[in-house]
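Data block for work-v7.cif (mmCIF, N, CA and C atoms):
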```
data_work
loop_
_atom_site.group_PDB
_atom_site.id
_atom_site.type_symbol
_atom_site.label_atom_id
_atom_site.label_comp_id
_atom_site.auth_asym_id
_atom_site.auth_seq_id
_atom_site.Cartn_x
_atom_site.Cartn_y
_atom_site.Cartn_z
ATOM 1 N N MET A 1 -52.523 -14.848 84.858
ATOM 2 C CA MET A 1 -52.553 -13.998 83.695
ATOM 3 C C MET A 1 -53.535 -12.865 83.910
ATOM 4 N N ALA A 2 -52.981 -11.701 83.822
ATOM 5 C CA ALA A 2 -53.832 -10.531 83.980
ATOM 6 C C ALA A 2 -54.277 -10.084 82.614
ATOM 7 N N GLY A 3 -55.436 -9.553 82.494
ATOM 8 C CA GLY A 3 -55.902 -9.099 81.194
ATOM 9 C C GLY A 3 -57.099 -8.187 81.339
ATOM 10 N N ILE A 4 -57.394 -7.499 80.268
ATOM 11 C CA ILE A 4 -58.530 -6.605 80.217
ATOM 12 C C ILE A 4 -59.428 -7.101 79.100
ATOM 13 N N THR A 5 -60.699 -7.104 79.340
ATOM 14 C CA THR A 5 -61.628 -7.563 78.328
ATOM 15 C C THR A 5 -62.292 -6.366 77.680
ATOM 16 N N PHE A 6 -62.171 -6.263 76.351
ATOM 17 C CA PHE A 6 -62.858 -5.247 75.579
ATOM 18 C C PHE A 6 -63.828 -5.982 74.676
ATOM 19 N N ARG A 7 -65.028 -5.744 74.889
ATOM 20 C CA ARG A 7 -66.084 -6.402 74.122
ATOM 21 C C ARG A 7 -65.797 -7.896 74.034
ATOM 22 N N ARG A 8 -65.337 -8.392 72.901
ATOM 23 C CA ARG A 8 -65.102 -9.832 72.771
ATOM 24 C C ARG A 8 -63.616 -10.190 72.827
ATOM 25 N N PHE A 9 -62.766 -9.181 72.883
ATOM 26 C CA PHE A 9 -61.337 -9.450 72.864
ATOM 27 C C PHE A 9 -60.781 -9.379 74.275
ATOM 28 N N ARG A 10 -59.859 -10.245 74.506
ATOM 29 C CA ARG A 10 -59.201 -10.247 75.801
ATOM 30 C C ARG A 10 -57.707 -10.050 75.567
ATOM 31 N N LEU A 11 -57.148 -8.986 76.142
ATOM 32 C CA LEU A 11 -55.723 -8.701 76.022
ATOM 33 C C LEU A 11 -54.986 -9.374 77.155
ATOM 34 N N ILE A 12 -53.949 -10.060 76.782
ATOM 35 C CA ILE A 12 -53.157 -10.730 77.795
ATOM 36 C C ILE A 12 -51.763 -10.119 77.769
ATOM 37 N N TYR A 13 -51.285 -9.670 78.885
ATOM 38 C CA TYR A 13 -49.958 -9.064 78.998
ATOM 39 C C TYR A 13 -48.968 -10.119 79.442
ATOM 40 N N ARG A 14 -47.909 -10.247 78.662
ATOM 41 C CA ARG A 14 -46.839 -11.173 79.010
ATOM 42 C C ARG A 14 -45.530 -10.413 79.007
ATOM 43 N N ARG A 15 -44.613 -10.893 79.755
ATOM 44 C CA ARG A 15 -43.290 -10.304 79.742
ATOM 45 C C ARG A 15 -42.582 -10.807 78.501
ATOM 46 N N SER A 16 -41.951 -9.889 77.772
ATOM 47 C CA SER A 16 -41.251 -10.305 76.566
ATOM 48 C C SER A 16 -39.872 -10.835 76.925
ATOM 49 N N SER A 17 -39.349 -11.650 76.046
ATOM 50 C CA SER A 17 -38.051 -12.258 76.312
ATOM 51 C C SER A 17 -36.934 -11.244 76.063
ATOM 52 N N THR A 18 -35.795 -11.497 76.633
ATOM 53 C CA THR A 18 -34.634 -10.635 76.461
ATOM 54 C C THR A 18 -34.176 -10.638 75.008
ATOM 55 N N LEU A 19 -34.269 -11.783 74.356
ATOM 56 C CA LEU A 19 -33.882 -11.883 72.954
ATOM 57 C C LEU A 19 -34.742 -10.967 72.090
ATOM 58 N N LEU A 20 -36.037 -10.949 72.334
ATOM 59 C CA LEU A 20 -36.939 -10.083 71.571
ATOM 60 C C LEU A 20 -36.603 -8.616 71.803
ATOM 61 N N LYS A 21 -36.302 -8.266 73.040
ATOM 62 C CA LYS A 21 -35.919 -6.880 73.338
ATOM 63 C C LYS A 21 -34.641 -6.500 72.598
ATOM 64 N N CYS A 22 -33.666 -7.401 72.552
ATOM 65 C CA CYS A 22 -32.410 -7.122 71.855
ATOM 66 C C CYS A 22 -32.642 -6.980 70.350
ATOM 67 N N VAL A 23 -33.502 -7.812 69.790
ATOM 68 C CA VAL A 23 -33.799 -7.730 68.362
ATOM 69 C C VAL A 23 -34.470 -6.406 68.032
ATOM 70 N N VAL A 24 -35.433 -5.999 68.848
ATOM 71 C CA VAL A 24 -36.127 -4.726 68.620
ATOM 72 C C VAL A 24 -35.148 -3.563 68.772
ATOM 73 N N LEU A 25 -34.313 -3.584 69.788
ATOM 74 C CA LEU A 25 -33.325 -2.526 69.989
ATOM 75 C C LEU A 25 -32.337 -2.481 68.827
ATOM 76 N N GLY A 26 -31.882 -3.647 68.369
ATOM 77 C CA GLY A 26 -30.970 -3.699 67.230
ATOM 78 C C GLY A 26 -31.614 -3.139 65.973
ATOM 79 N N THR A 27 -32.864 -3.461 65.747
ATOM 80 C CA THR A 27 -33.588 -2.950 64.584
ATOM 81 C C THR A 27 -33.724 -1.434 64.652
ATOM 82 N N ILE A 28 -34.030 -0.921 65.823
ATOM 83 C CA ILE A 28 -34.149 0.532 65.991
ATOM 84 C C ILE A 28 -32.808 1.207 65.728
ATOM 85 N N LEU A 29 -31.718 0.635 66.239
ATOM 86 C CA LEU A 29 -30.395 1.220 66.015
ATOM 87 C C LEU A 29 -30.017 1.199 64.540
ATOM 88 N N VAL A 30 -30.311 0.113 63.840
ATOM 89 C CA VAL A 30 -30.015 0.038 62.409
ATOM 90 C C VAL A 30 -30.819 1.093 61.654
ATOM 91 N N CYS A 31 -32.072 1.285 62.036
ATOM 92 C CA CYS A 31 -32.906 2.308 61.392
ATOM 93 C C CYS A 31 -32.345 3.709 61.625
ATOM 94 N N ILE A 32 -31.903 3.973 62.837
ATOM 95 C CA ILE A 32 -31.350 5.299 63.153
ATOM 96 C C ILE A 32 -30.075 5.542 62.349
ATOM 97 N N VAL A 33 -29.186 4.547 62.313
ATOM 98 C CA VAL A 33 -27.941 4.693 61.556
ATOM 99 C C VAL A 33 -28.246 4.899 60.074
ATOM 100 N N THR A 34 -29.204 4.157 59.552
ATOM 101 C CA THR A 34 -29.582 4.302 58.145
ATOM 102 C C THR A 34 -30.126 5.691 57.865
ATOM 103 N N LEU A 35 -30.978 6.203 58.729
ATOM 104 C CA LEU A 35 -31.539 7.546 58.540
ATOM 105 C C LEU A 35 -30.459 8.624 58.600
ATOM 106 N N VAL A 36 -29.516 8.489 59.515
ATOM 107 C CA VAL A 36 -28.432 9.468 59.611
ATOM 108 C C VAL A 36 -27.574 9.414 58.352
ATOM 109 N N THR A 37 -27.275 8.217 57.874
ATOM 110 C CA THR A 37 -26.478 8.072 56.655
ATOM 111 C C THR A 37 -27.185 8.696 55.463
ATOM 112 N N ILE A 38 -28.472 8.463 55.354
ATOM 113 C CA ILE A 38 -29.245 9.039 54.254
ATOM 114 C C ILE A 38 -29.263 10.564 54.361
ATOM 115 N N ALA A 39 -29.390 11.093 55.566
ATOM 116 C CA ALA A 39 -29.402 12.551 55.747
ATOM 117 C C ALA A 39 -28.067 13.165 55.330
ATOM 118 N N VAL A 40 -26.967 12.520 55.681
ATOM 119 C CA VAL A 40 -25.635 13.036 55.317
ATOM 120 C C VAL A 40 -25.452 12.992 53.801
ATOM 121 N N LYS A 41 -25.824 11.881 53.185
ATOM 122 C CA LYS A 41 -25.669 11.773 51.732
ATOM 123 C C LYS A 41 -26.567 12.772 51.012
ATOM 124 N N THR A 42 -27.762 12.983 51.524
ATOM 125 C CA THR A 42 -28.669 13.958 50.921
ATOM 126 C C THR A 42 -28.076 15.357 50.993
ATOM 127 N N SER A 43 -27.481 15.692 52.124
ATOM 128 C CA SER A 43 -26.850 16.999 52.286
ATOM 129 C C SER A 43 -25.695 17.166 51.295
ATOM 130 N N GLN A 44 -24.880 16.125 51.132
ATOM 131 C CA GLN A 44 -23.769 16.188 50.185
ATOM 132 C C GLN A 44 -24.270 16.355 48.760
ATOM 133 N N LYS A 45 -25.288 15.627 48.406
ATOM 134 C CA LYS A 45 -25.831 15.715 47.045
ATOM 135 C C LYS A 45 -26.454 17.089 46.797
ATOM 136 N N ASN A 46 -27.069 17.678 47.822
ATOM 137 C CA ASN A 46 -27.618 19.024 47.667
ATOM 138 C C ASN A 46 -26.515 20.042 47.420
ATOM 139 N N GLN A 47 -25.395 19.898 48.123
ATOM 140 C CA GLN A 47 -24.266 20.796 47.907
ATOM 141 C C GLN A 47 -23.702 20.625 46.497
ATOM 142 N N GLU A 48 -23.607 19.377 46.043
ATOM 143 C CA GLU A 48 -23.124 19.135 44.682
ATOM 144 C C GLU A 48 -24.080 19.735 43.656
ATOM 145 N N ALA A 49 -25.376 19.622 43.922
ATOM 146 C CA ALA A 49 -26.368 20.178 42.997
ATOM 147 C C ALA A 49 -26.257 21.697 42.929
ATOM 148 N N GLU A 50 -26.024 22.344 44.071
ATOM 149 C CA GLU A 50 -25.854 23.799 44.088
ATOM 150 C C GLU A 50 -24.608 24.211 43.301
ATOM 151 N N ALA A 51 -23.518 23.472 43.488
ATOM 152 C CA ALA A 51 -22.280 23.779 42.754
ATOM 153 C C ALA A 51 -22.487 23.604 41.253
ATOM 154 N N LEU A 52 -23.202 22.552 40.866
ATOM 155 C CA LEU A 52 -23.462 22.334 39.445
ATOM 156 C C LEU A 52 -24.397 23.393 38.878
ATOM 157 N N ALA A 53 -25.340 23.868 39.692
ATOM 158 C CA ALA A 53 -26.243 24.933 39.233
ATOM 159 C C ALA A 53 -25.462 26.222 38.988
ATOM 160 N N GLU A 54 -24.507 26.526 39.879
ATOM 161 C CA GLU A 54 -23.667 27.712 39.684
ATOM 162 C C GLU A 54 -22.820 27.573 38.418
ATOM 163 N N LYS A 55 -22.261 26.390 38.218
ATOM 164 C CA LYS A 55 -21.447 26.152 37.024
ATOM 165 C C LYS A 55 -22.303 26.268 35.767
ATOM 166 N N ALA A 56 -23.525 25.759 35.835
ATOM 167 C CA ALA A 56 -24.424 25.848 34.684
ATOM 168 C C ALA A 56 -24.760 27.301 34.373
ATOM 169 N N ALA A 57 -24.954 28.114 35.417
ATOM 170 C CA ALA A 57 -25.249 29.533 35.204
ATOM 171 C C ALA A 57 -24.067 30.235 34.529
ATOM 172 N N LEU A 58 -22.854 29.918 34.965
ATOM 173 C CA LEU A 58 -21.664 30.509 34.344
ATOM 174 C C LEU A 58 -21.532 30.072 32.883
ATOM 175 N N LEU A 59 -21.792 28.810 32.620
ATOM 176 C CA LEU A 59 -21.704 28.321 31.243
ATOM 177 C C LEU A 59 -22.788 28.934 30.362
ATOM 178 N N GLU A 60 -23.961 29.159 30.922
ATOM 179 C CA GLU A 60 -25.022 29.815 30.142
ATOM 180 C C GLU A 60 -24.631 31.249 29.792
ATOM 181 N N GLN A 61 -24.010 31.954 30.738
ATOM 182 C CA GLN A 61 -23.554 33.318 30.472
ATOM 183 C C GLN A 61 -22.481 33.310 29.391
ATOM 184 N N GLU A 62 -21.539 32.381 29.485
ATOM 185 C CA GLU A 62 -20.484 32.270 28.474
ATOM 186 C C GLU A 62 -21.088 31.933 27.109
ATOM 187 N N ASN A 63 -22.095 31.080 27.107
ATOM 188 C CA ASN A 63 -22.761 30.713 25.858
ATOM 189 C C ASN A 63 -23.443 31.925 25.230
ATOM 190 N N ARG A 64 -24.101 32.742 26.066
ATOM 191 C CA ARG A 64 -24.743 33.959 25.544
ATOM 192 C C ARG A 64 -23.710 34.907 24.938
ATOM 193 N N THR A 65 -22.566 35.046 25.595
ATOM 194 C CA THR A 65 -21.506 35.911 25.087
ATOM 195 C C THR A 65 -20.999 35.400 23.734
ATOM 196 N N ILE A 66 -20.793 34.112 23.632
ATOM 197 C CA ILE A 66 -20.318 33.537 22.370
ATOM 198 C C ILE A 66 -21.368 33.691 21.280
ATOM 199 N N GLU A 67 -22.636 33.505 21.623
ATOM 200 C CA GLU A 67 -23.699 33.685 20.628
ATOM 201 C C GLU A 67 -23.751 35.126 20.132
ATOM 202 N N GLU A 68 -23.523 36.095 21.031
ATOM 203 C CA GLU A 68 -23.479 37.502 20.623
ATOM 204 C C GLU A 68 -22.302 37.743 19.670
ATOM 205 N N GLN A 69 -21.157 37.137 19.979
ATOM 206 C CA GLN A 69 -19.999 37.292 19.099
ATOM 207 C C GLN A 69 -20.260 36.663 17.735
ATOM 208 N N ILE A 70 -20.911 35.529 17.721
ATOM 209 C CA ILE A 70 -21.233 34.885 16.446
ATOM 210 C C ILE A 70 -22.174 35.760 15.629
ATOM 211 N N ALA A 71 -23.139 36.379 16.303
ATOM 212 C CA ALA A 71 -24.072 37.257 15.597
ATOM 213 C C ALA A 71 -23.336 38.458 15.006
ATOM 214 N N LEU A 72 -22.324 38.953 15.697
ATOM 215 C CA LEU A 72 -21.557 40.093 15.190
ATOM 216 C C LEU A 72 -20.678 39.716 14.000
ATOM 217 N N PHE A 73 -20.236 38.466 13.915
ATOM 218 C CA PHE A 73 -19.359 38.066 12.831
ATOM 219 C C PHE A 73 -20.049 38.118 11.472
ATOM 220 N N GLY A 74 -21.340 38.099 11.451
ATOM 221 C CA GLY A 74 -22.051 38.131 10.188
ATOM 222 C C GLY A 74 -22.229 39.518 9.614
ATOM 223 N N THR A 75 -21.842 40.557 10.339
ATOM 224 C CA THR A 75 -22.036 41.919 9.852
ATOM 225 C C THR A 75 -20.871 42.344 8.968
ATOM 226 N N VAL A 76 -21.114 43.330 8.135
ATOM 227 C CA VAL A 76 -20.085 43.848 7.228
ATOM 228 C C VAL A 76 -18.948 44.483 8.030
ATOM 229 N N GLU A 77 -19.305 45.228 9.071
ATOM 230 C CA GLU A 77 -18.285 45.903 9.874
ATOM 231 C C GLU A 77 -17.328 44.895 10.510
ATOM 232 N N SER A 78 -17.877 43.808 11.021
ATOM 233 C CA SER A 78 -16.996 42.823 11.660
ATOM 234 C C SER A 78 -16.123 42.119 10.616
ATOM 235 N N THR A 79 -16.663 41.881 9.446
ATOM 236 C CA THR A 79 -15.867 41.261 8.390
ATOM 237 C C THR A 79 -14.706 42.163 7.989
ATOM 238 N N ILE A 80 -14.969 43.461 7.833
ATOM 239 C CA ILE A 80 -13.910 44.417 7.490
ATOM 240 C C ILE A 80 -12.877 44.495 8.603
ATOM 241 N N ARG A 81 -13.337 44.547 9.837
ATOM 242 C CA ARG A 81 -12.416 44.626 10.974
ATOM 243 C C ARG A 81 -11.516 43.404 11.038
ATOM 244 N N ILE A 82 -12.084 42.203 10.869
ATOM 245 C CA ILE A 82 -11.279 40.978 10.906
ATOM 246 C C ILE A 82 -10.283 40.960 9.749
ATOM 247 N N ALA A 83 -10.718 41.380 8.560
ATOM 248 C CA ALA A 83 -9.828 41.394 7.396
ATOM 249 C C ALA A 83 -8.665 42.346 7.614
ATOM 250 N N MET A 84 -8.923 43.481 8.234
ATOM 251 C CA MET A 84 -7.854 44.465 8.444
ATOM 252 C C MET A 84 -6.933 44.067 9.593
ATOM 253 N N GLU A 85 -7.505 43.653 10.717
ATOM 254 C CA GLU A 85 -6.690 43.388 11.898
ATOM 255 C C GLU A 85 -5.966 42.052 11.831
ATOM 256 N N GLU A 86 -6.662 41.025 11.420
ATOM 257 C CA GLU A 86 -6.073 39.696 11.490
ATOM 258 C C GLU A 86 -5.408 39.263 10.189
ATOM 259 N N LEU A 87 -5.920 39.728 9.053
ATOM 260 C CA LEU A 87 -5.367 39.290 7.776
ATOM 261 C C LEU A 87 -4.477 40.341 7.113
ATOM 262 N N GLY A 88 -4.479 41.558 7.640
ATOM 263 C CA GLY A 88 -3.637 42.608 7.090
ATOM 264 C C GLY A 88 -4.137 43.169 5.766
ATOM 265 N N LEU A 89 -5.378 42.979 5.433
ATOM 266 C CA LEU A 89 -5.933 43.501 4.189
ATOM 267 C C LEU A 89 -6.355 44.951 4.376
ATOM 268 N N ILE A 90 -6.530 45.651 3.266
ATOM 269 C CA ILE A 90 -6.976 47.040 3.316
ATOM 270 C C ILE A 90 -8.135 47.224 2.351
ATOM 271 N N LEU A 91 -8.832 48.334 2.515
ATOM 272 C CA LEU A 91 -9.923 48.658 1.600
ATOM 273 C C LEU A 91 -9.339 49.106 0.260
ATOM 274 N N PRO A 92 -10.070 48.897 -0.833
ATOM 275 C CA PRO A 92 -9.525 49.241 -2.155
ATOM 276 C C PRO A 92 -9.170 50.713 -2.308
ATOM 277 N N ASP A 93 -9.862 51.624 -1.680
ATOM 278 C CA ASP A 93 -9.604 53.061 -1.831
ATOM 279 C C ASP A 93 -8.594 53.598 -0.821
ATOM 280 N N SER A 94 -7.991 52.727 -0.045
ATOM 281 C CA SER A 94 -7.089 53.179 1.015
ATOM 282 C C SER A 94 -5.738 53.588 0.459
ATOM 283 N N ILE A 95 -5.136 54.533 1.118
ATOM 284 C CA ILE A 95 -3.787 54.974 0.771
ATOM 285 C C ILE A 95 -2.884 54.549 1.923
ATOM 286 N N ILE A 96 -1.813 53.887 1.587
ATOM 287 C CA ILE A 96 -0.907 53.386 2.605
ATOM 288 C C ILE A 96 0.346 54.240 2.620
ATOM 289 N N PHE A 97 0.694 54.674 3.801
ATOM 290 C CA PHE A 97 1.937 55.412 3.989
ATOM 291 C C PHE A 97 2.909 54.479 4.683
ATOM 292 N N GLU A 98 4.007 54.226 4.025
ATOM 293 C CA GLU A 98 5.027 53.377 4.626
ATOM 294 C C GLU A 98 6.182 54.260 5.082
ATOM 295 N N PRO A 99 6.630 54.056 6.278
ATOM 296 C CA PRO A 99 7.742 54.875 6.765
ATOM 297 C C PRO A 99 9.025 54.513 6.017
ATOM 298 N N VAL A 100 9.791 55.548 5.776
ATOM 299 C CA VAL A 100 11.080 55.352 5.097
ATOM 300 C C VAL A 100 12.134 55.223 6.181
ATOM 301 N N VAL A 101 12.825 54.154 6.093
ATOM 302 C CA VAL A 101 13.892 53.923 7.090
ATOM 303 C C VAL A 101 15.177 54.423 6.455
ATOM 304 N N PRO A 102 15.802 55.382 7.116
ATOM 305 C CA PRO A 102 17.054 55.885 6.547
ATOM 306 C C PRO A 102 18.112 54.794 6.530
ATOM 307 N N THR A 103 18.833 54.748 5.475
ATOM 308 C CA THR A 103 19.890 53.735 5.373
ATOM 309 C C THR A 103 21.185 54.317 5.927
ATOM 310 N N ASP A 104 21.960 53.498 6.422
ATOM 311 C CA ASP A 104 23.230 53.913 7.005
ATOM 312 C C ASP A 104 24.228 54.138 5.870
ATOM 313 N N PRO A 105 24.879 55.339 5.768
ATOM 314 C CA PRO A 105 25.758 55.629 4.651
ATOM 315 C C PRO A 105 26.997 54.745 4.619
ATOM 316 N N GLU A 106 27.264 54.044 5.612
ATOM 317 C CA GLU A 106 28.488 53.241 5.613
ATOM 318 C C GLU A 106 28.369 52.044 4.811
#
```
What do you get writing this file as structure tokens?
Amino acid sequence: MAGITFRRFRLIYRRSSTLLKCVVLGTILVCIVTLVTIAVKTSQKNQEAEALAEKAALLEQENRTIEEQIALFGTVESTIRIAMEELGLILPDSIIFEPVVPTDPE
């Protein structure tokens, strides 16, 4: 047995068994496969997060547009416009000209 003495400790070098080497190698391979799998899943989740962030930005813009439209609906001008365009109403002082359709003499 060969060894080196450091102060009070003596290190003894032994040859390790083949089984121990296989176990250590197997453990290292499992760790590497696990790390690669985690890296791939992390990359996929980052891409999904970026896509969701873009979608959230678009939805926030759409929300701002809708909020602006809601704010406009409370004004007198928008109420008059909706009444005239969508409901066919007119202002009380308005004069309506209706076209006369000529009738066929027959």
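For chain A, the set of residues given strand (DSSP E) by DSSP on the backbone reads Gly3, Ile4, Thr5, Phe6, Phe9, Arg10, Leu11 and Ile12 of chain A.
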Serialized selection, N, CA and C atoms, as an mmCIF file, in the coordinates of the input:
```cif
data_model
loop_
_atom_site.group_PDB
_atom_site.id
_atom_site.type_symbol
_atom_site.label_atom_id
_atom_site.label_comp_id
_atom_site.auth_asym_id
_atom_site.auth_seq_id
_atom_site.Cartn_x
_atom_site.Cartn_y
_atom_site.Cartn_z
ATOM 1 N N GLY A 3 -55.436 -9.553 82.494
ATOM 2 C CA GLY A 3 -55.902 -9.099 81.194
ATOM 3 C C GLY A 3 -57.099 -8.187 81.339
ATOM 4 N N ILE A 4 -57.394 -7.499 80.268
ATOM 5 C CA ILE A 4 -58.530 -6.605 80.217
ATOM 6 C C ILE A 4 -59.428 -7.101 79.100
ATOM 7 N N THR A 5 -60.699 -7.104 79.340
ATOM 8 C CA THR A 5 -61.628 -7.563 78.328
ATOM 9 C C THR A 5 -62.292 -6.366 77.680
ATOM 10 N N PHE A 6 -62.171 -6.263 76.351
ATOM 11 C CA PHE A 6 -62.858 -5.247 75.579
ATOM 12 C C PHE A 6 -63.828 -5.982 74.676
ATOM 13 N N PHE A 9 -62.766 -9.181 72.883
ATOM 14 C CA PHE A 9 -61.337 -9.450 72.864
ATOM 15 C C PHE A 9 -60.781 -9.379 74.275
ATOM 16 N N ARG A 10 -59.859 -10.245 74.506
ATOM 17 C CA ARG A 10 -59.201 -10.247 75.801
ATOM 18 C C ARG A 10 -57.707 -10.050 75.567
ATOM 19 N N LEU A 11 -57.148 -8.986 76.142
ATOM 20 C CA LEU A 11 -55.723 -8.701 76.022
ATOM 21 C C LEU A 11 -54.986 -9.374 77.155
ATOM 22 N N ILE A 12 -53.949 -10.060 76.782
ATOM 23 C CA ILE A 12 -53.157 -10.730 77.795
ATOM 24 C C ILE A 12 -51.763 -10.119 77.769
#
```
Gap from atom N of Phe73 of chain A to atom C of Leu58 of chain A - Å, one decimal: 20.8 Å
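Taking atom CA of Ile66 of chain A and atom CA of Arg81 of chain A as the two end points, the separation is 17.8 Å.
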Using DSSP on the backbone coordinates, identify all residues within segment 6-58 of chain A classified as helix (DSSP H, G or I); present the result as number ranges by chain. A: 18-58
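One distance worth recording is that between atom C of Ile82 of chain A and atom N of Phe97 of chain A, which is 18.5 Å.
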